[in-house]
Amino acid sequence: MRILEFTVPPSYESVKLRGFLRGYCALSARLLTALKQVPGGIQVNGLHARVLQILHTGDCVRLCLPKDGKIPDPVPAPLAVVYEDADLLVINKQAGLPMYARPGHDASLCGAIGSYCRTTGERFAFRPVYRIDKDTTGLVVLAKNAYAAACLAGNIQKTYYAVCEGCMRGAGSITASIRVKPGHTVQREACDAGAGEQAVTHWRALADDGWFTLLACRLETGRTHQIRVHFSSLGHPLAGDDFYGGRTEWIGRQALHCGRMKLTHPVTGRELEIIGSFPDDFKELLKKMGVKNIQTLAAND
């Protein structure tokens, strides 16, 4: 059981426990309800407490988070762990591994986490804070408990590295909306504002060889296939992304890697910066472009 402790600051003097939990602790209504049903789930100064109790400066509020009832069914798959503590698990996902199992493809990140739980003896549900496509590689943050998941939602700054076809220089932003392409269920397309979901991609060119360009991308929104659709709409599809018009001569899947992230730890408040190494096929593509020391380039971006 994960136990969290918070000290009431002067700004919350004489505030009800409910207000402190919802405000200072950023507890969701759903988790608050769950904690109320756990014996001793919410305590003040070591004693069981009701949410209408009045708090005072210096009081110690303790939350005993309920255990996850079920962990994912195990399906062994390679798992590259780059960071782990009591609340977070960060994976550098390989290409070809979907987030969830689907017909004809039993291996998934979810199943790999199930195997990992059985190896380590921990029990936690599969809680990805965000998703990346099956053939996109890179960092995926998993929350080990409901509190961490709620605090992290929308609070992670990710940098994606992409190689697009053609030469792009400088930096810019793409603001085209995105919708499901008519007649399709998965494929997306860029569209006019109001015809789809708003989407904003900021990009900066890091290197090019006249034929391909290495880009660093940051997203304001997280639409399905956003980076792939946006650059395809400009006539610069990602290398290897034949789903959106890219050629596969140099790499057999979209050249897209979530390689860097910054976040504030949901419990400790510590600022974390995590860098995920590039996969071999991506590095081979960059080698052909004449790009050297990609990890150093990414770290300094």
# chains A, B, ... in the order shown; residues from 1 in each chain; ligands from 1
call {"tool": "residues_around", "arguments": {"residues": "Asp192 in chain A", "least_positions_apart": "2", "cutoff": "9 Å", "atoms": "only C-alpha atoms", "output": "PDB file with C-alpha atoms, in the first residue's frame"}}
result
ATOM      1  CA  ALA A 176      -4.097  22.782 -38.750  1.00  0.00           C
ATOM      2  CA  SER A 177      -7.020  20.965 -37.143  1.00  0.00           C
ATOM      3  CA  ILE A 178      -7.204  17.165 -37.494  1.00  0.00           C
ATOM      4  CA  ALA A 190      -5.549  17.969 -41.668  1.00  0.00           C
ATOM      5  CA  GLY A 194     -13.907  24.015 -36.941  1.00  0.00           C
ATOM      6  CA  ALA A 195     -14.000  20.925 -39.148  1.00  0.00           C
ATOM      7  CA  GLY A 196     -11.972  18.817 -36.728  1.00  0.00           C
TER       8      GLY A 196
END
call {"tool": "residues_around", "arguments": {"residues": "Leu63 in chain A", "least_positions_apart": "4", "cutoff": "6 Å", "atoms": "only C-alpha atoms", "output": "number ranges by chain"}}
result
A: 3-4, 41-42
call {"tool": "residues_around", "arguments": {"residues": "range 117-127 of chain A", "least_positions_apart": "3", "cutoff": "12 Å", "atoms": "only C-alpha atoms", "output": "PyMOL selection string"}}
result
chain A and resi 1-2+65-76+79+84-90+99-100+108-114+130-131+140-150+152-153
call {"tool": "write_last_selection", "arguments": {"atoms": "C-alpha atoms", "output": "PDB file, in the first residue's frame"}}
result
ATOM      1  CA  MET A   1       0.000   0.000   0.000  1.00  0.00           C
ATOM      2  CA  ARG A   2       1.320   3.435  -0.973  1.00  0.00           C
ATOM      3  CA  LEU A  65      -3.979   4.607  -1.273  1.00  0.00           C
ATOM      4  CA  PRO A  66      -6.029   1.482  -2.014  1.00  0.00           C
ATOM      5  CA  LYS A  67      -4.195  -1.418  -3.629  1.00  0.00           C
ATOM      6  CA  ASP A  68      -4.865  -2.215  -7.252  1.00  0.00           C
ATOM      7  CA  GLY A  69      -7.123  -5.236  -7.453  1.00  0.00           C
ATOM      8  CA  LYS A  70      -5.769  -6.602 -10.708  1.00  0.00           C
ATOM      9  CA  ILE A  71      -2.533  -6.307 -12.633  1.00  0.00           C
ATOM     10  CA  PRO A  72      -2.321  -6.814 -16.416  1.00  0.00           C
ATOM     11  CA  ASP A  73      -2.241 -10.338 -17.788  1.00  0.00           C
ATOM     12  CA  PRO A  74       1.429 -11.163 -18.462  1.00  0.00           C
ATOM     13  CA  VAL A  75       2.680 -11.473 -22.037  1.00  0.00           C
ATOM     14  CA  PRO A  76       6.499 -11.408 -22.130  1.00  0.00           C
ATOM     15  CA  LEU A  79      11.035  -3.874 -21.602  1.00  0.00           C
ATOM     16  CA  GLU A  84      11.456   3.947 -11.618  1.00  0.00           C
ATOM     17  CA  ASP A  85      10.406   4.882  -8.098  1.00  0.00           C
ATOM     18  CA  ALA A  86       7.433   4.194  -5.827  1.00  0.00           C
ATOM     19  CA  ASP A  87       5.059   6.243  -8.003  1.00  0.00           C
ATOM     20  CA  LEU A  88       6.410   6.245 -11.563  1.00  0.00           C
ATOM     21  CA  LEU A  89       7.752   3.826 -14.156  1.00  0.00           C
ATOM     22  CA  VAL A  90       9.233   5.202 -17.389  1.00  0.00           C
ATOM     23  CA  MET A  99       0.095  -0.048 -25.991  1.00  0.00           C
ATOM     24  CA  TYR A 100      -2.635  -2.704 -25.673  1.00  0.00           C
ATOM     25  CA  SER A 108       1.825  -5.243 -25.970  1.00  0.00           C
ATOM     26  CA  LEU A 109       3.270  -2.798 -23.476  1.00  0.00           C
ATOM     27  CA  CYS A 110       0.352  -3.639 -21.184  1.00  0.00           C
ATOM     28  CA  GLY A 111       1.238  -7.341 -21.229  1.00  0.00           C
ATOM     29  CA  ALA A 112       4.934  -6.565 -20.749  1.00  0.00           C
ATOM     30  CA  ILE A 113       4.050  -4.566 -17.619  1.00  0.00           C
ATOM     31  CA  GLY A 114       2.067  -7.558 -16.355  1.00  0.00           C
ATOM     32  CA  TYR A 130      -0.325   9.197 -22.559  1.00  0.00           C
ATOM     33  CA  ARG A 131      -0.098   6.864 -25.555  1.00  0.00           C
ATOM     34  CA  VAL A 140       6.183   6.286 -22.015  1.00  0.00           C
ATOM     35  CA  VAL A 141       5.318   7.322 -18.442  1.00  0.00           C
ATOM     36  CA  LEU A 142       3.272   4.909 -16.345  1.00  0.00           C
ATOM     37  CA  ALA A 143       1.705   5.918 -13.026  1.00  0.00           C
ATOM     38  CA  LYS A 144       1.850   3.239 -10.350  1.00  0.00           C
ATOM     39  CA  ASN A 145      -1.138   4.638  -8.465  1.00  0.00           C
ATOM     40  CA  ALA A 146      -4.225   6.727  -9.098  1.00  0.00           C
ATOM     41  CA  TYR A 147      -2.826   9.777  -7.316  1.00  0.00           C
ATOM     42  CA  ALA A 148       0.243   9.977  -9.544  1.00  0.00           C
ATOM     43  CA  ALA A 149      -1.889   9.468 -12.642  1.00  0.00           C
ATOM     44  CA  ALA A 150      -4.218  12.344 -11.774  1.00  0.00           C
ATOM     45  CA  LEU A 152       0.593  13.965 -14.113  1.00  0.00           C
ATOM     46  CA  ALA A 153      -2.231  14.315 -16.628  1.00  0.00           C
TER      47      ALA A 153
END
call {"tool": "select_by_dssp", "arguments": {"residues": "range 95-214 of chain A", "states": "strand (DSSP E)", "output": "PyMOL selection string"}}
result
chain A and resi 137-143+156-165+171-174+177-180+188-191+201-208+212-214
call {"tool": "atom_distance", "arguments": {"atom1": "CA of Ser115 in chain A", "atom2": "CA of Thr264 in chain A"}}
result
27.8 Å
call {"tool": "residues_around", "arguments": {"residues": "Leu21 in chain A", "least_positions_apart": "3", "cutoff": "10 Å", "atoms": "only C-alpha atoms", "output": "count of residues only"}}
result
15
call {"tool": "closest_residue", "arguments": {"among": "A:Phe20, A:Phe282, A:Trp211, A:Tyr116", "to": "Tyr161 in chain A", "atoms": "only C-alpha atoms"}}
result
A:Phe282
call {"tool": "atom_distance", "arguments": {"atom1": "CA of Val200 in chain A", "atom2": "CA of Arg102 in chain A"}}
result
29.5 Å
call {"tool": "closest_residue", "arguments": {"among": "A:Ile227, A:Ala80, A:Ala34, A:Ala171", "to": "Asn92 in chain A", "atoms": "only C-alpha atoms"}}
result
A:Ala80
call {"tool": "closest_residue", "arguments": {"among": "A:Gln187, A:Pro98, A:Leu285, A:Arg169", "to": "Trp250 in chain A", "atoms": "only C-alpha atoms"}}
result
A:Leu285
call {"tool": "residues_around", "arguments": {"residues": "Tyr12 in chain A", "least_positions_apart": "5", "cutoff": "8 Å", "atoms": "only C-alpha atoms", "output": "ChimeraX atom specification"}}
result
/A:20,55-57
call {"tool": "closest_residue", "arguments": {"among": "A:Gly58, A:Gly166, A:Gly104, A:Gly154", "to": "Arg247 in chain A", "atoms": "only C-alpha atoms"}}
result
A:Gly166
call {"tool": "atom_distance", "arguments": {"atom1": "CA of Val180 in chain A", "atom2": "CA of Glu220 in chain A"}}
result
19.3 Å
call {"tool": "select_by_dssp", "arguments": {"residues": "range 97-300 of chain A", "states": "helix (DSSP H, G or I)", "output": "PyMOL selection string"}}
result
chain A and resi 109-120+146-152+226-233+242-244+280-289+294-299
call {"tool": "closest_residue", "arguments": {"among": "A:Ala162, A:Lys262, A:Phe231, A:Glu271", "to": "Ala216 in chain A", "atoms": "only C-alpha atoms"}}
result
A:Ala162
call {"tool": "closest_residue", "arguments": {"among": "A:His257, A:Pro78, A:Ser14, A:Thr248", "to": "Ser277 in chain A", "atoms": "only C-alpha atoms"}}
result
A:His257
